[in-house]
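Below: start_10.cif (mmCIF, C-alpha atoms and all ligand atoms)
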```cif
data_upload
loop_
_atom_site.label_atom_id
_atom_site.label_comp_id
_atom_site.auth_asym_id
_atom_site.auth_seq_id
_atom_site.Cartn_x
_atom_site.Cartn_y
_atom_site.Cartn_z
CA MET V 13 65.51 54.09 -56.40
CA THR V 14 65.00 57.83 -56.79
CA ASP V 15 62.79 59.57 -59.31
CA ILE V 16 65.14 61.90 -61.19
CA TYR V 17 62.31 64.42 -61.71
CA GLY V 18 62.31 65.18 -58.00
CA ILE V 19 65.95 66.22 -57.73
CA THR V 20 67.46 69.67 -58.09
CA TYR V 21 70.75 70.25 -59.89
CA ASP V 22 72.73 70.57 -56.65
CA LYS V 23 71.13 67.50 -55.06
CA LEU V 24 71.85 65.46 -58.19
CA LYS V 25 75.51 66.47 -58.07
CA ALA V 26 75.70 65.35 -54.42
CA MET V 27 74.07 62.01 -55.27
CA LEU V 28 76.47 61.45 -58.17
CA ILE V 29 79.41 61.93 -55.82
CA GLU V 30 77.85 59.38 -53.45
CA ILE V 31 77.76 56.72 -56.20
CA GLY V 32 81.34 57.48 -57.23
CA GLU V 33 80.54 59.55 -60.33
CA LYS V 34 81.68 62.99 -61.37
CA PRO V 35 79.18 65.69 -60.33
CA SER V 36 79.62 67.29 -63.75
CA ARG V 37 77.58 64.40 -65.20
CA ALA V 38 74.56 66.37 -63.98
CA ASP V 39 75.16 68.74 -66.90
CA ILE V 40 74.57 65.83 -69.30
CA ILE V 41 71.78 64.09 -67.40
CA LEU V 42 69.38 66.95 -66.63
CA PRO V 43 69.28 68.64 -70.07
CA ALA V 44 68.60 65.18 -71.57
CA VAL V 45 65.81 64.05 -69.23
CA TYR V 46 64.07 67.43 -69.52
CA GLY V 47 64.53 67.54 -73.32
CA GLU V 48 61.71 67.20 -75.80
CA PRO V 49 61.22 64.31 -76.04
CA PRO V 50 62.92 63.35 -72.76
CA ALA V 51 65.83 60.93 -73.13
CA ALA V 52 65.84 57.55 -71.39
CA LEU V 53 68.50 57.32 -68.72
CA ASP V 54 70.15 54.33 -70.39
CA SER V 55 70.47 56.18 -73.69
CA LEU V 56 72.74 58.98 -72.48
CA PRO V 57 76.18 59.44 -74.07
CA LEU V 58 78.04 58.06 -71.05
CA LYS V 59 80.22 55.02 -70.34
CA LYS V 60 78.46 51.67 -69.85
CA GLU V 61 79.48 51.44 -66.17
CA THR V 62 78.13 54.92 -65.52
CA LEU V 63 74.84 54.08 -67.24
CA GLU V 64 74.53 50.96 -65.10
CA LYS V 65 75.07 52.97 -61.94
CA LEU V 66 72.53 55.56 -63.05
CA SER V 67 69.96 52.90 -63.90
CA GLY V 68 70.50 51.29 -60.50
CA THR V 69 69.97 54.57 -58.67
CA PHE V 70 67.44 56.62 -60.64
CA TYR V 71 64.32 56.19 -62.70
CA THR V 72 62.21 58.59 -64.77
CA GLY V 73 58.69 58.68 -63.34
CA GLU V 74 55.55 59.44 -65.31
CA LEU V 75 52.03 60.30 -64.13
CA GLU V 76 49.08 58.28 -65.38
CA CYS V 77 46.57 60.50 -67.17
CA ILE V 78 43.03 59.44 -66.17
CA LYS V 79 40.94 62.12 -67.83
CA VAL V 80 41.26 65.29 -69.92
CA LEU V 81 38.53 67.89 -70.36
CA THR V 82 39.25 70.40 -73.10
CA SER V 83 37.91 73.82 -74.01
CA GLU V 84 39.07 76.75 -76.12
CA THR V 85 40.73 78.51 -73.20
CA ALA V 86 41.83 75.72 -70.85
CA ASP V 87 42.34 71.96 -70.68
CA LYS V 88 41.95 70.18 -67.38
CA TYR V 89 43.90 67.00 -66.59
CA LEU V 90 43.26 64.42 -63.90
CA PHE V 91 46.31 62.34 -63.01
CA GLY V 92 46.52 59.14 -61.00
CA LEU V 93 49.28 58.80 -58.39
CA GLY V 94 51.08 55.68 -57.20
CA ASP V 95 49.05 55.43 -53.97
CA GLY V 96 45.69 55.42 -55.74
CA SER V 97 44.88 59.10 -55.13
CA SER V 98 44.47 61.62 -57.91
CA VAL V 99 45.46 65.18 -58.60
CA GLU V 100 44.50 67.73 -61.20
CA SER V 101 46.30 70.32 -63.28
CA VAL V 102 45.17 72.83 -65.88
CA LEU V 103 46.73 74.00 -69.14
CA MET V 104 45.75 77.65 -69.51
CA LYS V 105 45.77 78.94 -73.06
CA HIS V 106 46.69 82.62 -73.01
CA GLU V 107 47.33 84.87 -76.00
CA PHE V 108 50.94 85.18 -74.88
CA GLY V 109 51.59 81.45 -74.35
CA TYR V 110 50.74 78.29 -72.43
CA ASN V 111 50.73 78.25 -68.66
CA VAL V 112 50.33 75.18 -66.43
CA CYS V 113 48.52 75.41 -63.12
CA VAL V 114 49.94 72.74 -60.80
CA SER V 115 48.57 71.22 -57.60
CA THR V 116 50.77 70.86 -54.53
CA GLN V 117 48.75 68.59 -52.22
CA VAL V 118 46.24 65.76 -52.49
CA GLY V 119 43.18 67.59 -51.18
CA CYS V 120 43.44 70.68 -49.01
CA ASN V 121 42.81 71.40 -45.34
CA MET V 122 42.28 75.15 -45.64
CA GLY V 123 38.51 74.77 -45.96
CA CYS V 124 37.69 77.89 -47.99
CA ALA V 125 33.90 77.99 -48.13
CA PHE V 126 33.67 78.70 -51.86
CA CYS V 127 36.12 76.00 -52.96
CA MET V 128 35.42 72.35 -53.82
CA SER V 129 38.99 71.39 -52.88
CA GLY V 130 38.28 72.38 -49.29
CA ARG V 131 35.93 69.39 -49.19
CA LEU V 132 38.64 66.98 -50.26
CA LYS V 133 40.47 66.81 -46.96
CA LYS V 134 44.21 66.75 -47.37
CA ARG V 135 45.57 63.24 -47.69
CA ARG V 136 49.18 64.21 -48.13
CA ASP V 137 51.66 66.65 -49.63
CA LEU V 138 52.76 66.01 -53.19
CA THR V 139 56.39 65.06 -53.70
CA VAL V 140 58.66 67.23 -55.83
CA SER V 141 58.55 64.74 -58.70
CA GLU V 142 54.73 64.58 -58.62
CA MET V 143 54.67 68.34 -59.17
CA THR V 144 57.32 68.30 -61.90
CA GLU V 145 55.60 65.42 -63.67
CA GLN V 146 52.29 67.32 -63.90
CA LEU V 147 54.05 69.77 -66.16
CA LEU V 148 55.96 67.13 -68.13
CA ALA V 149 52.81 65.07 -68.71
CA ILE V 150 50.87 68.08 -69.97
CA ARG V 151 53.74 69.07 -72.25
CA ARG V 152 53.89 65.51 -73.61
CA ILE V 153 50.13 65.09 -74.12
CA SER V 154 49.37 68.58 -75.46
CA GLY V 155 52.55 69.00 -77.49
CA LYS V 156 52.68 72.65 -76.33
CA LYS V 157 55.68 74.60 -75.15
CA ILE V 158 55.02 75.67 -71.57
CA THR V 159 56.18 79.21 -70.83
CA GLY V 160 54.70 79.88 -67.41
CA ILE V 161 53.64 78.15 -64.20
CA SER V 162 50.93 78.99 -61.70
CA ILE V 163 51.31 77.19 -58.39
CA MET V 164 47.64 77.58 -57.61
CA GLY V 165 45.95 74.23 -58.16
CA ILE V 166 44.68 72.06 -55.32
CA GLY V 167 46.44 72.54 -52.00
CA GLU V 168 48.15 75.29 -50.08
CA PRO V 169 51.71 75.51 -51.47
CA LEU V 170 53.16 77.28 -48.43
CA GLU V 171 52.15 74.27 -46.30
CA ASN V 172 54.42 72.15 -48.52
CA LEU V 173 57.10 74.77 -48.93
CA ALA V 174 60.30 72.68 -48.87
CA ASN V 175 59.05 70.58 -51.80
CA VAL V 176 57.65 73.62 -53.61
CA LEU V 177 61.02 75.42 -53.36
CA ASP V 178 62.78 72.43 -54.97
CA PHE V 179 60.06 72.29 -57.64
CA ILE V 180 60.60 75.98 -58.47
CA GLU V 181 64.36 75.46 -58.68
CA ILE V 182 63.86 72.55 -61.10
CA MET V 183 61.49 74.61 -63.26
CA MET V 184 64.06 77.41 -63.46
CA TYR V 185 67.11 75.24 -64.23
CA PRO V 186 68.53 77.02 -67.30
CA LYS V 187 69.54 73.88 -69.24
CA GLY V 188 66.23 72.20 -68.45
CA LEU V 189 62.78 73.75 -68.60
CA ASP V 190 64.31 77.21 -68.12
CA ILE V 191 61.17 78.98 -66.95
CA GLY V 192 62.03 82.49 -65.74
CA ILE V 193 61.22 83.59 -62.19
CA LYS V 194 58.89 86.29 -63.54
CA HIS V 195 56.83 83.58 -65.26
CA ILE V 196 56.16 81.60 -62.07
CA THR V 197 53.38 82.66 -59.71
CA LEU V 198 52.56 81.12 -56.35
CA SER V 199 49.15 81.65 -54.81
CA THR V 200 48.53 81.35 -51.08
CA CYS V 201 45.53 81.75 -48.82
CA GLY V 202 47.79 83.75 -46.50
CA ILE V 203 50.16 81.47 -44.55
CA VAL V 204 52.16 84.27 -42.96
CA PRO V 205 55.39 82.42 -41.92
CA GLY V 206 55.55 80.87 -45.40
CA ILE V 207 55.27 84.29 -47.06
CA TYR V 208 58.27 85.51 -45.05
CA GLU V 209 60.24 82.33 -45.83
CA LEU V 210 59.55 82.61 -49.56
CA ALA V 211 60.44 86.32 -49.45
CA ASP V 212 63.83 85.44 -47.96
CA SER V 213 64.48 82.47 -50.29
CA SER V 214 66.63 82.58 -53.42
CA THR V 215 63.52 82.17 -55.60
CA PRO V 216 60.98 84.85 -54.65
CA VAL V 217 58.50 84.18 -57.46
CA ASN V 218 55.43 86.32 -58.17
CA LEU V 219 53.12 86.19 -55.18
CA ALA V 220 49.32 86.13 -55.30
CA ILE V 221 47.38 86.24 -52.04
CA SER V 222 43.76 85.14 -51.84
CA LEU V 223 42.17 87.83 -49.70
CA HIS V 224 38.49 87.76 -50.68
CA ALA V 225 37.32 89.97 -47.80
CA PRO V 226 38.61 93.15 -46.10
CA TYR V 227 37.27 92.42 -42.58
CA ASP V 228 38.49 89.59 -40.32
CA GLY V 229 34.95 88.62 -39.28
CA LEU V 230 33.77 88.21 -42.86
CA ARG V 231 36.99 86.60 -44.01
CA GLU V 232 36.83 84.02 -41.19
CA LYS V 233 33.51 82.84 -42.57
CA LEU V 234 34.91 82.48 -46.08
CA MET V 235 38.45 81.43 -45.17
CA PRO V 236 38.96 79.71 -41.78
CA VAL V 237 42.73 80.30 -42.06
CA THR V 238 41.94 83.84 -40.84
CA HIS V 239 41.72 82.34 -37.31
CA ARG V 240 45.45 81.62 -37.59
CA TYR V 241 46.57 84.77 -39.40
CA SER V 242 44.63 88.02 -39.30
CA ILE V 243 44.28 90.27 -42.34
CA SER V 244 46.71 92.79 -40.85
CA GLU V 245 49.35 90.06 -40.40
CA VAL V 246 48.83 88.91 -44.01
CA ILE V 247 49.09 92.48 -45.33
CA GLY V 248 52.23 93.05 -43.22
CA ALA V 249 53.87 89.95 -44.72
CA ALA V 250 52.83 91.06 -48.22
CA ARG V 251 54.40 94.50 -47.71
CA TYR V 252 57.63 92.84 -46.58
CA TYR V 253 57.60 90.55 -49.64
CA SER V 254 57.00 93.41 -52.01
CA GLU V 255 59.60 95.73 -50.52
CA LYS V 256 62.31 93.10 -50.07
CA ASN V 257 62.00 91.76 -53.63
CA ASN V 258 60.68 94.80 -55.43
CA ARG V 259 57.64 92.80 -56.47
CA ARG V 260 54.10 93.77 -57.24
CA ILE V 261 51.77 91.60 -55.16
CA THR V 262 48.46 90.35 -56.55
CA PHE V 263 45.46 90.18 -54.21
CA GLU V 264 42.83 87.76 -55.47
CA TYR V 265 39.26 88.77 -54.69
CA VAL V 266 36.39 86.53 -55.77
CA MET V 267 33.14 88.43 -56.26
CA LEU V 268 30.36 86.77 -54.23
CA ASP V 269 26.87 88.16 -54.63
CA GLY V 270 25.72 89.98 -51.47
CA ILE V 271 28.67 88.71 -49.42
CA ASN V 272 31.86 90.69 -50.07
CA ASP V 273 30.92 92.93 -52.99
CA THR V 274 29.68 96.16 -51.38
CA ASP V 275 31.14 99.63 -51.94
CA ASP V 276 32.09 99.62 -48.26
CA CYS V 277 34.17 96.45 -48.78
CA ALA V 278 35.88 98.08 -51.78
CA GLN V 279 36.62 101.22 -49.75
CA ARG V 280 38.09 99.21 -46.86
CA LEU V 281 40.17 97.15 -49.28
CA SER V 282 41.70 100.31 -50.75
CA GLU V 283 42.59 101.54 -47.26
CA LEU V 284 44.26 98.22 -46.36
CA LEU V 285 46.41 98.19 -49.49
CA HIS V 286 47.28 101.89 -49.52
CA GLY V 287 50.92 102.55 -50.40
CA MET V 288 51.75 98.96 -51.37
CA ASN V 289 53.04 97.97 -54.82
CA CYS V 290 50.11 95.71 -55.59
CA TYR V 291 46.87 95.29 -57.46
CA VAL V 292 43.56 93.58 -56.88
CA ASN V 293 42.43 90.89 -59.28
CA LEU V 294 38.64 90.65 -59.29
CA ILE V 295 37.50 87.13 -60.14
CA ARG V 296 34.08 86.17 -61.40
CA TYR V 297 32.92 83.27 -59.22
CA ASN V 298 32.66 80.06 -61.20
CA SER V 299 29.45 78.63 -59.67
CA ASN V 300 29.53 74.94 -58.96
CA GLU V 301 27.26 72.31 -57.60
CA GLY V 302 27.36 71.98 -53.84
CA CYS V 303 28.32 75.61 -53.10
CA ASP V 304 25.59 78.12 -52.22
CA PHE V 305 27.46 81.19 -53.46
CA ARG V 306 26.56 83.05 -56.63
CA CYS V 307 28.75 85.37 -58.66
CA SER V 308 28.02 89.08 -58.19
CA PRO V 309 26.10 90.65 -61.09
CA HIS V 310 28.23 92.43 -63.68
CA GLU V 311 27.02 95.91 -62.61
CA ARG V 312 28.04 95.22 -58.99
CA ILE V 313 31.48 94.05 -60.07
CA MET V 314 31.87 97.26 -62.08
CA GLY V 315 30.72 99.34 -59.08
CA PHE V 316 33.34 97.63 -56.88
CA TYR V 317 35.95 98.13 -59.60
CA ASP V 318 35.11 101.86 -59.81
CA VAL V 319 35.57 102.43 -56.06
CA LEU V 320 39.01 100.82 -56.16
CA LYS V 321 39.98 102.81 -59.26
CA LYS V 322 38.78 106.09 -57.76
CA ASN V 323 40.94 105.43 -54.70
CA GLY V 324 44.02 104.79 -56.84
CA THR V 325 44.13 101.03 -56.09
CA GLY V 326 45.36 98.98 -59.05
CA VAL V 327 42.63 96.61 -60.23
CA THR V 328 42.11 94.09 -63.02
CA MET V 329 39.44 91.57 -63.88
CA ARG V 330 40.51 88.03 -64.61
CA ARG V 331 39.52 86.63 -67.97
CA GLU V 332 37.22 83.71 -67.23
CA LEU V 333 39.17 80.66 -68.31
CA GLY V 334 37.91 77.15 -68.45
CA ALA V 335 34.45 77.43 -66.87
CA SER V 336 33.24 74.68 -69.19
CA VAL V 337 35.94 72.30 -67.97
CA ASN V 338 35.28 73.04 -64.29
CA ALA V 339 38.57 74.87 -63.98
CA ALA V 340 37.71 76.27 -60.57
CA CYS V 341 40.15 74.36 -58.39
CA GLY V 342 39.18 70.96 -57.13
CA GLN V 343 36.06 70.34 -59.12
CA LEU V 344 37.34 67.55 -61.32
CA ALA V 345 39.05 65.67 -58.49
CA ALA V 346 35.94 66.12 -56.32
CA ARG V 347 33.84 64.43 -58.97
CA GLN V 348 36.36 61.64 -59.26
CA ALA V 349 36.37 61.13 -55.49
CA SER V 350 32.60 60.95 -55.25
CA PRO V 351 30.49 58.68 -57.46
CA LEU V 352 29.33 60.48 -60.61
S1 LIG U 1 40.95 77.96 -52.32
FE1 LIG U 1 42.98 77.01 -52.25
S2 LIG U 1 43.55 77.11 -50.07
FE2 LIG U 1 41.31 77.41 -50.16
S3 LIG U 1 40.44 75.32 -49.90
FE3 LIG U 1 40.65 75.73 -52.12
S4 LIG U 1 42.65 74.81 -52.66
FE4 LIG U 1 42.61 75.09 -50.41
#
```
Step by step, read the file and then write its structure as C-alpha cells.
Amino acid sequence: MTDIYGITYDKLKAMLIEIGEKPSRADIILPAVYGEPPAALDSLPLKKETLEKLSGTFYTGELECIKVLTSETADKYLFGLGDGSSVESVLMKHEFGYNVCVSTQVGCNMGCAFCMSGRLKKRRDLTVSEMTEQLLAIRRISGKKITGISIMGIGEPLENLANVLDFIEIMMYPKGLDIGIKHITLSTCGIVPGIYELADSSTPVNLAISLHAPYDGLREKLMPVTHRYSISEVIGAARYYSEKNNRRITFEYVMLDGINDTDDCAQRLSELLHGMNCYVNLIRYNSNEGCDFRCSPHERIMGFYDVLKKNGTGVTMRRELGASVNAACGQLAARQASPL
C-alpha cells in the first residue's frame, strides 16, 4: 500500500496506468485528497470498481500529534512517526499569512555547534509523505490557510534532495495546495552539489544559506560541514544559483556574542558577497540550555548591521518568532528524546 500524500501528480498517473486505470483520474483524486477537509479515497465520485482498486493500492496517511506549544507569533508541533521517532514543525504567524516550517530528517548529522538538532544524530531521512503530512496536520489542527513553506526545520534538506524535490512539486500542484514557488524557501548549511542540483531543477525555490562566519577557520568551529565545502565553494554555488534563476539569495547569520560579531567579520562578509544579488539576514541567537553561546548585545548587532549597510550589502534583521515555544530548531524534539 502506498501513502497517496507521498506521490507527485506524474507518479500518480503512472501508478494508475499500472493498475489499469485512466491516468486522468489523478485530476479527480489529488484535488479531493488535498481539499479542505480532505476527502476519503472511498468517497470519490468514481465507479465502484475504480474505488476498490484505489483502496487496495493507496491510503491517506496522517501524523500523530504528540504536543503543541503555542505563542502569539509561532506554534510548535511535535509529531510521532510510525517507527516511534518524532519530528517537529512550526506554524509561523506573519502579518502577511501563515507559513509552515517543515523538517526533512529525523535528527541531523551536520553538527552545527549552536543547534540542538545537531545533538540528535540523524536516524533517517523523512519520506515525502511525512513531509507533506506535517503541513496537512498543521492545517487541520490550526484551521489556518497555509500560504508559504520554509524547508528549514530539523535536518539538512539537500542531503534528502530527491524526496524534498517531490515534496516541493506536491506543494506546488495547482489543483492541490497550490503554493507558489516564490513562497517556498529552502535553507541549507551549504551542501555545494545539492545547491547546483536544485539550481538546475525545475523547481528552484528561494534559497537561504546558513553562513554564520566569513572565515573558514571560524566557520569550521561553528559548522563542521565547512571541512567538506569551503566558504568560497559555497559562495560560488550561490552565485550560480542566483544568476541561473535570477534569484536573490539569503545568507543567514546568527549573531554570537564575541564569536562572529566583530566589525572585521562584517567587513569580510561584505567582500565575500560583493556583486551578488543577495542579502544577509542577521538572526538574534535564541539561547537554549546546553549551548554555551550567548546572543550578541543589541548595540553590537547594530554595529555589524551598519558596516554591512555602509558597504552596500543588503541586510535585514529577522523578527524573533517563537522564542517562548523553543522555536529554534530541534529544541522540542531534543526534550522529547531526553527525559524531561
Ligand atoms: S542548524 Fe540545521 S544543518 Fe545545522 S545541525 Fe541544526 S538542523 Fe542540522
Could you please determine the separation between atom CA of Lys105 of chain V and atom CA of Glu84 of chain V in Å, to one decimal place? 7.7 Å
Determine, counting only C-alpha atoms, which protein, DNA and RNA residues have an atom within 9 Å of an atom of segment 194-205 of chain V; residues of the same chain fewer than 4 positions away are not included. Present the result as a ChimeraX atom specification. /V:111,122,124,159-165,168-171,180,183,209-210,217-223,235,237-238,240-243,245-250,262,264
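From atom CA of Glu181 of chain V back to atom CA of Lys34 of chain V, the distance works out to 21.5 Å.
Taking atom CA of Cys277 of chain V and atom CA of Pro226 of chain V as endpoints, the distance between them is 6.1 Å.
Every protein, DNA or RNA residue with an atom at most 10 Å from Lys65 of chain V, where only C-alpha atoms count and chain neighbours fewer than 5 positions away do not, is listed here: Leu28, Ile31, Gly32, Glu33, Asp54, Lys60 and Phe70 of chain V.
With all atoms listed in the file as the atoms that count, the minimum distance from Glu100 of chain V to the choices V:Asp276, V:Glu74, V:Glu142, V:Glu255 is reached by V:Glu142.
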